[in-house]
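This report concerns only the one structure given below.
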Amino acid sequence: MLHPNPKGAAVQKIDPLTDFSEITATAAISSARHGWRAKCLQRLVRIDLPVPRTVALPAATVRAIAAGQPVDCAAILRHFGPDPLISVRPSPENPDWGGPATILNIGFNAARHDRLAQTHGQAAADALYLRFVQGYALHVARLDPDMFEGLEPSAEALRRALQAYATEMEEPFPEDPARQLSDVLRSMARAWEGTTARLLRQAKGAPEAAGLGLVVQEMAQGIGAGLSGSGVIQFVDPASGVPQVTGRYLGQSQGRDALRQPEAIYLTRDPRGASLQDLAPEIYADLLRFGATCRKNLREEMQVEFTIEDGHMSVLDAVKVVRSARAGLRIAVALAEDGVISRNDAVLRVEPRALSELLHPQVDPRGARDVFAKGIGASPGAATGKIVFTSAAAQASASRGEPCILVRRETAPEDIRGMHSAAGVLTERGGMTSHAAVIGRGLGLPCIVGASDLRLDAREKTLIAADGRCLREGDLITVDGTTGEALVGAATMLPPALDDSFRKLLSWADAVRDIGIRANADTPADAQTARNFEAQGIGLCRTEHMFFDEDRLVVMREMIFADTAQDRAAALARLLPMQRADFVQLFDIMQGLPVCIRLFDPPLHEFLPHSREGLRELAEALDKPLSDVTRRAEALAEFNPMLGMRGVRLGIVLPEIYAMQAQAIFEATVEIAHRGSAPVVPEIMIPLVSAKREVELVKSNIDAVAASVRAKSGVTFDFRLGVMVETPRAALRAGEIAQHAAFLSFGTNDLTQMTYGLSRDDAGRFMNTYVQQGVFAEDPFHSLDVDGVGELLLIGAERGRATRADLTLSICGEHGGNPESIDFCRRAGFDYVSCSPYRVPQARLAAAHLAL
Ligand code: PEP
Ligand code: MG
């Protein structure tokens, strides 16, 4: 019947119950209607692979079947000639969305069993019939698995299975192929609608309305007198992506048996045993040819499922090789280099987040995992080491050359050396921007934070897991910072993969992206990592991290404890050459690239010891009475240090600190100029600004230092002064602040903390509950809050640029490396994002994805 469509043209109304088509080269098959498998089979048909006759049922038909409408099974069966033997496989639009189990050998019944016994022998006939009855009983009739699973094929097992079916269902096993097919289709259609299946596929990104196509295919039996069997072949190693034939073949078998049965043989000639290449060289050669054709025409590395029946091969199916991140990257680059896909396609085929897996050793997903704790995977990669509970123990362990995992309730700045010495970090508390997380990512150190199920007893030196297991200092554990799981013992690892393919893909990404990527780097080692990952400069150098090394910490503490301006000046004078040397090194490593140095930010008391023992040692080192030192430490304590005397406030109250830092920066600039290296234009950034006057005061201080260094050295140099926007007020007043700033860099860690009024160090305690209950869609310290914090970014950017059209805009909080944040910044017209060095590759790739 014809119905007019809204535009008036006549269209054929389709009856879903007769809407199925045989897959031919020209049939109208689409993955949107019939699913990826149907579409893939059509592609195989088009490239002349020997695919058995196949009929595709579109999702609309399958949905009608699930709703209880009868499909014309006799009409489907007519496609396969008289007395057909068929299989039904799921075909969702996306292979990742799963689907019900394949059912083989539909059409098997007593008559076929008898005939097969005569042609192929009793044992083969019994085995196939039993297999069908088992599959049917479990997946179609949904009978108790205990009655049908694990039966060894035999005439007796077949008899018992048929008997059990008849007893449970109160009817004999169905003999009519049309009835069998109808039951199979209905059960598969309904399985797709089940709650578990729906939740599973939605977790993989399937939309609510995702449908299921089905493909009905003529069976290639895989059993018979001549060479018969089935196998699976792939042409790359799924772990590394290196070209290599892998797979298995099993004589007298069907489906994917060869992957399950230990007696299956290799495909390629192999010293470990027999191979298909020896057994049937022509068939092996055909398989290689099929693989090459698939690669070229399907533009993908495929795994091919084949069956041989009496020497004739059929290709039943081909699926994209399931691959590790490193293999995915290598395959994409190889396909582009061979001209099969474009470079841009290769760039788009690699998920940016997958790159972090390549930068660090990873736990081999094929190995055993004995998980004892779960937290937030705060810094990716995996490391194995012995448990230590203090930074001192970590350093001692490193000096013995023994890898260790530093386990702390949470880390503090004084743990920095311990973290440098550890192979990985595990903390009971903290979230994505806690100290351990930020430093872990900066150092490229695998790190789990917020493993709140653990009970840590630092005094007893024990770690009690939620399941009651007790781990002690010295026990070997593995930290998987990618998944957030801590494992007992040494897990099997995959090494990092910074190979040629990696570099090539990122250079292709750089050619298309349109936003800059810099790195947050505090030390020469960080800067070197940033350079290795081809960051376009340093977007944030947190100078305070330079003061935690043993020799500097002492001088720093002397500076803090100075009683007079003179004593303070003396301590700063000792810090000056150390800072200058730091900057010379940074400028040297980053030659020709911009380096943005943030002036001192944290409250001073962070540099003081927290334990009584530490205070005693400090009193000794400073040659002061313990009571003095304790009193001074107490005086520096603040109720709310993150909102207290830190950042620019400290710079205004104690201007000598910023003056020393500026002098060190400028003298380093002069030294680089003397060396004749590429000139440096340092960028100096003022943290935690909330008022224009703060910027004016710091600016005049720094301008005076610059003038003095220029006068003393006789070298002219430029520098750029900018403001870090970390308070809501700075964002709101960006218009006037920009009068004195060449750039604004949004520090979204503090800006998030201050916008929400949510402590970045304590949020971990309730973040899970908040996310689970939908208060926050995601942890705003992890994923930029586009609605709130994002609005402040937009306001700041707009007001700043209204004052100064050439104002450089960037973001340098931990969000900087997130693909979603990069998208936001790019659309807001930012010049660059800056993130931890180890996230630079991911950011480069994500930016390219956004530009393509
Ligand atoms: C920020 O606040 O976003 C920032 C980058 O500074 P820090 O993390 O050092 O406070
Ligand atoms: Mg900050």
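Chain labels A, B, ... are given in the sequence in which chains occur in the structure tokens; within each chain residues are numbered consecutively from 1, and ligands are likewise numbered from 1 in the order shown.
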
Env. residues ligand 1 / 6 Å / only C-alpha atoms and all ligand atoms / as a compact mmCIF listing (two decimals) with N, CA and C atoms, in the first residue's frame:
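Written output follows (pocket-v2.txt):
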# COMPACT_ATOMS: atom_id res chain seq x y z
N GLU A 726 42.45 33.07 39.51
CA GLU A 726 42.10 31.94 40.36
C GLU A 726 40.99 32.28 41.34
N GLY A 747 43.68 29.65 36.48
CA GLY A 747 44.07 28.53 37.34
C GLY A 747 42.79 27.87 37.83
N THR A 748 42.33 26.90 37.09
CA THR A 748 40.99 26.38 37.35
C THR A 748 40.93 25.47 38.58
N ASN A 749 42.08 25.12 39.15
CA ASN A 749 42.01 24.35 40.41
C ASN A 749 41.47 25.26 41.51
N ASP A 750 42.16 26.37 41.71
CA ASP A 750 41.70 27.29 42.74
C ASP A 750 40.38 27.95 42.35
N CYS A 812 45.56 26.82 33.01
CA CYS A 812 46.71 26.03 33.46
C CYS A 812 46.38 25.15 34.66
N GLY A 813 45.09 25.04 35.01
CA GLY A 813 44.71 24.11 36.08
C GLY A 813 44.80 22.68 35.57

Report task. Output the neighbourhood of ligand 2 as a ChimeraX atom specification, that is, all protein and nucleic acid residues with some atom at most 12 Å from the ligand, counting only C-alpha atoms and all ligand atoms. Result -> /A:433-435,438,540-542,544,598-603,642-643,646-648,685-689,723-727,745-754,760,811-814

Residue subset to file, keeping N, CA and C atoms, as a compact mmCIF listing (two decimals), in the first residue's frame:
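What follows is the written file again_25.txt:
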# COMPACT_ATOMS: atom_id res chain seq x y z
N THR A 433 42.66 16.72 42.55
CA THR A 433 43.61 17.84 42.63
C THR A 433 44.30 17.88 43.98
N SER A 434 44.26 16.77 44.71
CA SER A 434 45.00 16.73 45.97
C SER A 434 46.50 16.77 45.66
N HIS A 435 47.28 17.01 46.67
CA HIS A 435 48.72 17.15 46.48
C HIS A 435 49.30 15.93 45.77
N VAL A 438 48.33 15.84 42.01
CA VAL A 438 48.98 16.85 41.16
C VAL A 438 50.46 16.52 40.97
N LEU A 540 53.07 26.93 33.04
CA LEU A 540 53.04 27.18 34.48
C LEU A 540 54.24 26.51 35.11
N CYS A 541 55.13 27.34 35.68
CA CYS A 541 56.22 26.80 36.50
C CYS A 541 55.91 27.23 37.92
N ARG A 542 55.56 26.24 38.76
CA ARG A 542 55.20 26.57 40.15
C ARG A 542 56.50 26.67 40.92
N GLU A 544 57.43 27.43 43.83
CA GLU A 544 57.61 26.94 45.21
C GLU A 544 58.15 25.51 45.23
N ARG A 598 55.47 31.27 37.55
CA ARG A 598 54.54 31.82 38.54
C ARG A 598 55.32 32.16 39.81
N LEU A 599 55.11 33.34 40.31
CA LEU A 599 55.78 33.74 41.55
C LEU A 599 55.21 32.90 42.70
N PHE A 600 55.97 32.93 43.78
CA PHE A 600 55.68 32.11 44.95
C PHE A 600 54.20 32.18 45.36
N ASP A 601 53.58 31.01 45.60
CA ASP A 601 52.14 30.98 45.83
C ASP A 601 51.67 30.47 47.20
N PRO A 602 52.29 29.41 47.78
CA PRO A 602 51.64 28.80 48.94
C PRO A 602 51.87 29.58 50.23
N PRO A 603 51.05 29.32 51.25
CA PRO A 603 51.30 29.93 52.55
C PRO A 603 52.63 29.42 53.10
N MET A 642 44.20 28.13 52.65
CA MET A 642 44.01 28.31 51.22
C MET A 642 43.39 29.68 50.91
N LEU A 643 42.73 30.26 51.94
CA LEU A 643 42.14 31.60 51.74
C LEU A 643 42.92 32.64 52.55
N ARG A 646 48.62 33.90 51.19
CA ARG A 646 49.34 33.16 50.16
C ARG A 646 49.25 33.96 48.86
N GLY A 647 49.97 33.46 47.84
CA GLY A 647 49.91 34.10 46.53
C GLY A 647 50.35 35.55 46.62
N VAL A 648 49.66 36.38 45.85
CA VAL A 648 50.05 37.79 45.75
C VAL A 648 50.00 38.49 47.11
N MET A 685 54.17 35.45 36.19
CA MET A 685 52.73 35.37 36.48
C MET A 685 52.48 35.56 37.97
N ILE A 686 51.49 36.36 38.27
CA ILE A 686 51.16 36.67 39.68
C ILE A 686 49.97 35.81 40.11
N PRO A 687 50.16 35.02 41.18
CA PRO A 687 49.07 34.12 41.57
C PRO A 687 48.05 34.76 42.52
N LEU A 688 46.86 34.20 42.49
CA LEU A 688 45.79 34.48 43.46
C LEU A 688 45.39 35.96 43.55
N VAL A 689 45.43 36.59 42.41
CA VAL A 689 45.05 38.01 42.36
C VAL A 689 43.54 38.14 42.53
N VAL A 723 48.69 37.69 34.81
CA VAL A 723 47.94 37.43 36.04
C VAL A 723 47.29 36.06 35.96
N MET A 724 47.35 35.37 37.07
CA MET A 724 46.70 34.08 37.15
C MET A 724 45.29 34.33 37.71
N VAL A 725 44.30 33.93 36.98
CA VAL A 725 42.92 34.17 37.42
C VAL A 725 42.46 32.94 38.19
N GLU A 726 42.45 33.07 39.51
CA GLU A 726 42.10 31.94 40.36
C GLU A 726 40.99 32.28 41.34
N THR A 727 40.63 33.55 41.38
CA THR A 727 39.52 33.94 42.27
C THR A 727 38.38 34.43 41.39
N SER A 745 46.03 33.78 32.77
CA SER A 745 46.00 32.33 32.74
C SER A 745 45.05 31.87 33.84
N PHE A 746 44.04 31.11 33.45
CA PHE A 746 43.03 30.71 34.42
C PHE A 746 43.51 29.47 35.19
N GLY A 747 43.68 29.65 36.48
CA GLY A 747 44.07 28.53 37.34
C GLY A 747 42.79 27.87 37.83
N THR A 748 42.33 26.90 37.09
CA THR A 748 40.99 26.38 37.35
C THR A 748 40.93 25.47 38.58
N ASN A 749 42.08 25.12 39.15
CA ASN A 749 42.01 24.35 40.41
C ASN A 749 41.47 25.26 41.51
N ASP A 750 42.16 26.37 41.71
CA ASP A 750 41.70 27.29 42.74
C ASP A 750 40.38 27.95 42.35
N LEU A 751 40.24 28.24 41.06
CA LEU A 751 39.00 28.91 40.64
C LEU A 751 37.79 27.99 40.90
N THR A 752 37.97 26.71 40.71
CA THR A 752 36.88 25.77 41.00
C THR A 752 36.64 25.73 42.51
N GLN A 753 37.74 25.64 43.25
CA GLN A 753 37.63 25.60 44.71
C GLN A 753 36.89 26.83 45.23
N MET A 754 37.21 27.98 44.67
CA MET A 754 36.64 29.22 45.20
C MET A 754 35.24 29.48 44.66
N ARG A 760 39.62 21.79 47.67
CA ARG A 760 40.15 20.80 46.72
C ARG A 760 40.84 19.66 47.44
N ILE A 811 44.60 28.40 30.03
CA ILE A 811 44.14 27.73 31.25
C ILE A 811 45.31 26.84 31.69
N CYS A 812 45.56 26.82 33.01
CA CYS A 812 46.71 26.03 33.46
C CYS A 812 46.38 25.15 34.66
N GLY A 813 45.09 25.04 35.01
CA GLY A 813 44.71 24.11 36.08
C GLY A 813 44.80 22.68 35.57
N GLU A 814 44.50 21.74 36.45
CA GLU A 814 44.61 20.33 36.06
C GLU A 814 43.65 19.98 34.92

Query - Residues of region 606-799 of chain A in strand (DSSP E or B), written as a PyMOL selection string - result: chain A and resi 683-686+720-725+743-746

Requested write-out: N, CA and C atoms of the selected residues, as a compact mmCIF listing (two decimals), in the first residue's frame:
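File part_22.txt, as written:
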# COMPACT_ATOMS: atom_id res chain seq x y z
N GLU A 683 58.03 35.00 30.94
CA GLU A 683 56.69 35.43 31.33
C GLU A 683 56.59 35.26 32.84
N ILE A 684 56.16 36.31 33.51
CA ILE A 684 56.08 36.26 34.98
C ILE A 684 54.60 36.37 35.35
N MET A 685 54.17 35.45 36.19
CA MET A 685 52.73 35.37 36.48
C MET A 685 52.48 35.56 37.97
N ILE A 686 51.49 36.36 38.27
CA ILE A 686 51.16 36.67 39.68
C ILE A 686 49.97 35.81 40.11
N ARG A 720 57.22 39.56 29.96
CA ARG A 720 55.76 39.78 29.93
C ARG A 720 55.23 39.49 31.33
N LEU A 721 54.42 40.42 31.81
CA LEU A 721 53.83 40.22 33.14
C LEU A 721 52.36 39.83 32.95
N GLY A 722 51.95 38.79 33.65
CA GLY A 722 50.56 38.34 33.50
C GLY A 722 49.95 37.98 34.84
N VAL A 723 48.69 37.69 34.81
CA VAL A 723 47.94 37.43 36.04
C VAL A 723 47.29 36.06 35.96
N MET A 724 47.35 35.37 37.07
CA MET A 724 46.70 34.08 37.15
C MET A 724 45.29 34.33 37.71
N VAL A 725 44.30 33.93 36.98
CA VAL A 725 42.92 34.17 37.42
C VAL A 725 42.46 32.94 38.19
N PHE A 743 48.94 38.90 29.77
CA PHE A 743 48.22 37.62 29.60
C PHE A 743 47.44 37.30 30.87
N LEU A 744 46.39 36.52 30.68
CA LEU A 744 45.64 35.96 31.81
C LEU A 744 45.67 34.45 31.68
N SER A 745 46.03 33.78 32.77
CA SER A 745 46.00 32.33 32.74
C SER A 745 45.05 31.87 33.84
N PHE A 746 44.04 31.11 33.45
CA PHE A 746 43.03 30.71 34.42
C PHE A 746 43.51 29.47 35.19

Using DSSP on the backbone, list every residue of region 225-332 of chain A that comes out as alpha helix (DSSP H), and give them as a PDB file with C-alpha atoms, in the first residue's frame.
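File written: part_20.pdb
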ATOM      1  CA  ASP A 257      35.644 -23.624  18.968  1.00  0.00           C
ATOM      2  CA  ALA A 258      39.252 -23.255  17.867  1.00  0.00           C
ATOM      3  CA  LEU A 259      39.729 -20.374  20.295  1.00  0.00           C
ATOM      4  CA  ARG A 260      38.402 -22.409  23.213  1.00  0.00           C
ATOM      5  CA  LEU A 276      47.285 -25.132   9.062  1.00  0.00           C
ATOM      6  CA  GLN A 277      50.057 -23.840   6.828  1.00  0.00           C
ATOM      7  CA  ASP A 278      51.544 -27.373   6.806  1.00  0.00           C
ATOM      8  CA  LEU A 279      48.199 -29.073   6.571  1.00  0.00           C
ATOM      9  CA  PRO A 281      49.123 -24.507   2.262  1.00  0.00           C
ATOM     10  CA  GLU A 282      46.654 -23.318  -0.419  1.00  0.00           C
ATOM     11  CA  ILE A 283      43.975 -22.568   2.132  1.00  0.00           C
ATOM     12  CA  TYR A 284      46.518 -20.774   4.287  1.00  0.00           C
ATOM     13  CA  ALA A 285      47.592 -18.710   1.264  1.00  0.00           C
ATOM     14  CA  ASP A 286      43.933 -17.884   0.563  1.00  0.00           C
ATOM     15  CA  LEU A 287      43.520 -16.681   4.137  1.00  0.00           C
ATOM     16  CA  LEU A 288      46.507 -14.356   3.808  1.00  0.00           C
ATOM     17  CA  ARG A 289      45.028 -13.007   0.610  1.00  0.00           C
ATOM     18  CA  PHE A 290      41.662 -12.475   2.301  1.00  0.00           C
ATOM     19  CA  GLY A 291      43.353 -10.610   5.137  1.00  0.00           C
ATOM     20  CA  ALA A 292      45.149  -8.282   2.723  1.00  0.00           C
ATOM     21  CA  THR A 293      41.936  -7.657   0.759  1.00  0.00           C
ATOM     22  CA  CYS A 294      39.985  -6.905   3.935  1.00  0.00           C
ATOM     23  CA  ARG A 295      42.655  -4.502   5.128  1.00  0.00           C
ATOM     24  CA  LYS A 296      42.675  -2.620   1.868  1.00  0.00           C
ATOM     25  CA  ASN A 297      38.951  -2.512   1.204  1.00  0.00           C
ATOM     26  CA  LEU A 298      37.530  -2.433   4.710  1.00  0.00           C
ATOM     27  CA  ALA A 325      45.754   1.158  22.866  1.00  0.00           C
ATOM     28  CA  ARG A 326      49.310   0.747  21.626  1.00  0.00           C
ATOM     29  CA  ALA A 327      48.226  -1.660  18.895  1.00  0.00           C
ATOM     30  CA  GLY A 328      45.438   0.721  17.879  1.00  0.00           C
ATOM     31  CA  LEU A 329      47.907   3.533  17.373  1.00  0.00           C
ATOM     32  CA  ARG A 330      50.385   1.432  15.448  1.00  0.00           C
ATOM     33  CA  ILE A 331      47.679   0.019  13.200  1.00  0.00           C
ATOM     34  CA  ALA A 332      46.253   3.482  12.431  1.00  0.00           C
TER      35      ALA A 332
END

**Report entry** 7 Å contact set for Gly489 (chain A), only C-alpha atoms, chain neighbours under 3 positions out, as a PyMOL selection string
**Finding:** chain A and resi 476-478

Using C-alpha atoms, can you write the selected residues to a file as a tab-separated table (two decimals), in the first residue's frame?
chain	number	residue	atom	x	y	z
A	476	LEU	CA	55.01	-6.22	47.32
A	477	ILE	CA	52.06	-4.40	45.73
A	478	THR	CA	51.20	-2.94	42.33

Requested in this report: Could you give me, as a PyMOL selection string, the residues within 7 Å of region 360-365 of chain A, counting only C-alpha atoms and dropping anything in the same chain fewer than 4 positions from it?
Outcome: chain A and resi 381-382+480+491-496

Selection export as a compact mmCIF listing (two decimals), in the first residue's frame, atoms kept: N, CA and C atoms:
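The resulting file, part_1.txt, is reproduced below:
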# COMPACT_ATOMS: atom_id res chain seq x y z
N GLY A 381 49.27 4.81 34.60
CA GLY A 381 50.44 3.96 34.55
C GLY A 381 50.44 3.04 35.76
N ALA A 382 51.35 2.08 35.74
CA ALA A 382 51.38 1.13 36.84
C ALA A 382 52.80 0.94 37.31
N ASP A 480 47.90 0.50 40.13
CA ASP A 480 47.46 0.74 38.77
C ASP A 480 46.74 2.09 38.74
N ALA A 491 52.27 -7.40 39.37
CA ALA A 491 51.45 -7.74 38.20
C ALA A 491 52.33 -7.82 36.95
N THR A 492 51.87 -8.56 35.96
CA THR A 492 52.59 -8.58 34.68
C THR A 492 52.39 -7.24 33.99
N MET A 493 53.48 -6.69 33.45
CA MET A 493 53.41 -5.33 32.90
C MET A 493 53.67 -5.31 31.39
N LEU A 494 53.12 -4.28 30.75
CA LEU A 494 53.47 -3.96 29.37
C LEU A 494 54.33 -2.69 29.41
N PRO A 495 55.44 -2.66 28.68
CA PRO A 495 56.32 -1.47 28.74
C PRO A 495 55.70 -0.27 28.01
N PRO A 496 56.21 0.98 28.28
CA PRO A 496 55.69 2.14 27.55
C PRO A 496 56.00 2.04 26.06

Report task. Within 6 Å of region 173-190 of chain A, counting only C-alpha atoms, which residues show up once you throw out same-chain ones fewer than 6 positions away? Write them as a ChimeraX atom specification, please. Result -> /A:62,65-66,73-74,100,107,109,140

Once you have the residues from the selection above, write them out as a CSV table (one decimal), in the first residue's frame, restricted to N, CA and C atoms.
chain,number,residue,atom,x,y,z
A,62,VAL,N,13.2,-6.9,14.1
A,62,VAL,CA,13.6,-7.6,15.3
A,62,VAL,C,12.7,-7.0,16.5
A,65,ILE,N,9.4,-8.5,16.3
A,65,ILE,CA,9.4,-9.9,16.8
A,65,ILE,C,9.4,-9.9,18.3
A,66,ALA,N,10.2,-9.0,18.9
A,66,ALA,CA,10.3,-8.9,20.4
A,66,ALA,C,8.9,-8.6,21.0
A,73,CYS,N,8.9,-17.0,8.9
A,73,CYS,CA,10.2,-17.8,9.0
A,73,CYS,C,10.3,-18.7,7.8
A,74,ALA,N,9.1,-19.2,7.3
A,74,ALA,CA,9.2,-20.0,6.1
A,74,ALA,C,9.8,-19.3,4.9
A,100,PRO,N,22.9,-10.8,22.0
A,100,PRO,CA,22.7,-12.2,22.5
A,100,PRO,C,23.7,-13.1,21.8
A,107,GLY,N,17.8,-26.0,12.5
A,107,GLY,CA,17.3,-26.9,11.4
A,107,GLY,C,17.7,-28.4,11.7
A,109,ASN,N,17.4,-31.8,13.4
A,109,ASN,CA,16.3,-32.6,14.0
A,109,ASN,C,16.6,-34.1,13.8
A,140,VAL,N,17.4,-20.3,24.2
A,140,VAL,CA,16.1,-20.1,23.7
A,140,VAL,C,15.0,-20.5,24.7

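The residue set within 6 Å of region 44-52 of chain A, counting only C-alpha atoms and dropping same-chain residues fewer than 5 places from it, reads Ala25, Glu218, Ser314, Val315 and Leu316 of chain A.
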
Report task. Compile the contact shell of region 762-764 of chain A as a PyMOL selection string: residues with an atom at most 8 Å away, counting only C-alpha atoms, same-chain residues fewer than 2 positions apart removed. Result -> chain A and resi 429-432+450+758-760+766-768

Store the residues of this selection in a file with C-alpha atoms, as a compact mmCIF listing (two decimals), in the first residue's frame.
# COMPACT_ATOMS: atom_id res chain seq x y z
CA ARG A 429 42.42 10.37 51.17
CA GLY A 430 42.30 13.02 48.47
CA GLY A 431 40.79 13.71 45.08
CA MET A 432 41.96 14.57 41.58
CA GLY A 450 41.11 8.41 47.91
CA LEU A 758 34.74 23.53 48.01
CA SER A 759 38.12 22.53 49.39
CA ARG A 760 40.15 20.80 46.72
CA PHE A 766 32.15 13.13 49.69
CA MET A 767 32.74 13.48 45.97
CA ASN A 768 31.64 9.91 45.22

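As for CA of Pro262 (chain A) and CA of Ser230 (chain A), they are spaced 14.0 Å apart.
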
Query raised in the report: Could you work out how far CA of Ala373 (chain A) lies from CA of Asp475 (chain A), giving the answer in Å with one decimal?
Result: 14.6 Å

Query raised in the report: Hey, which of A:Leu618, A:Leu604, A:Val695, A:Ala527 ends up closest to Ile657 (chain A)? Count only C-alpha atoms.
Result: A:Leu604

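The space between CA of Ala562 (chain A) and CA of Met660 (chain A) spans 15.6 Å.
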
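Take the candidates A:Leu852, A:Val340, A:Ala27, A:Ile376 and check each one against Leu426 (chain A) using only C-alpha atoms; the shortest distance goes to A:Ile376.
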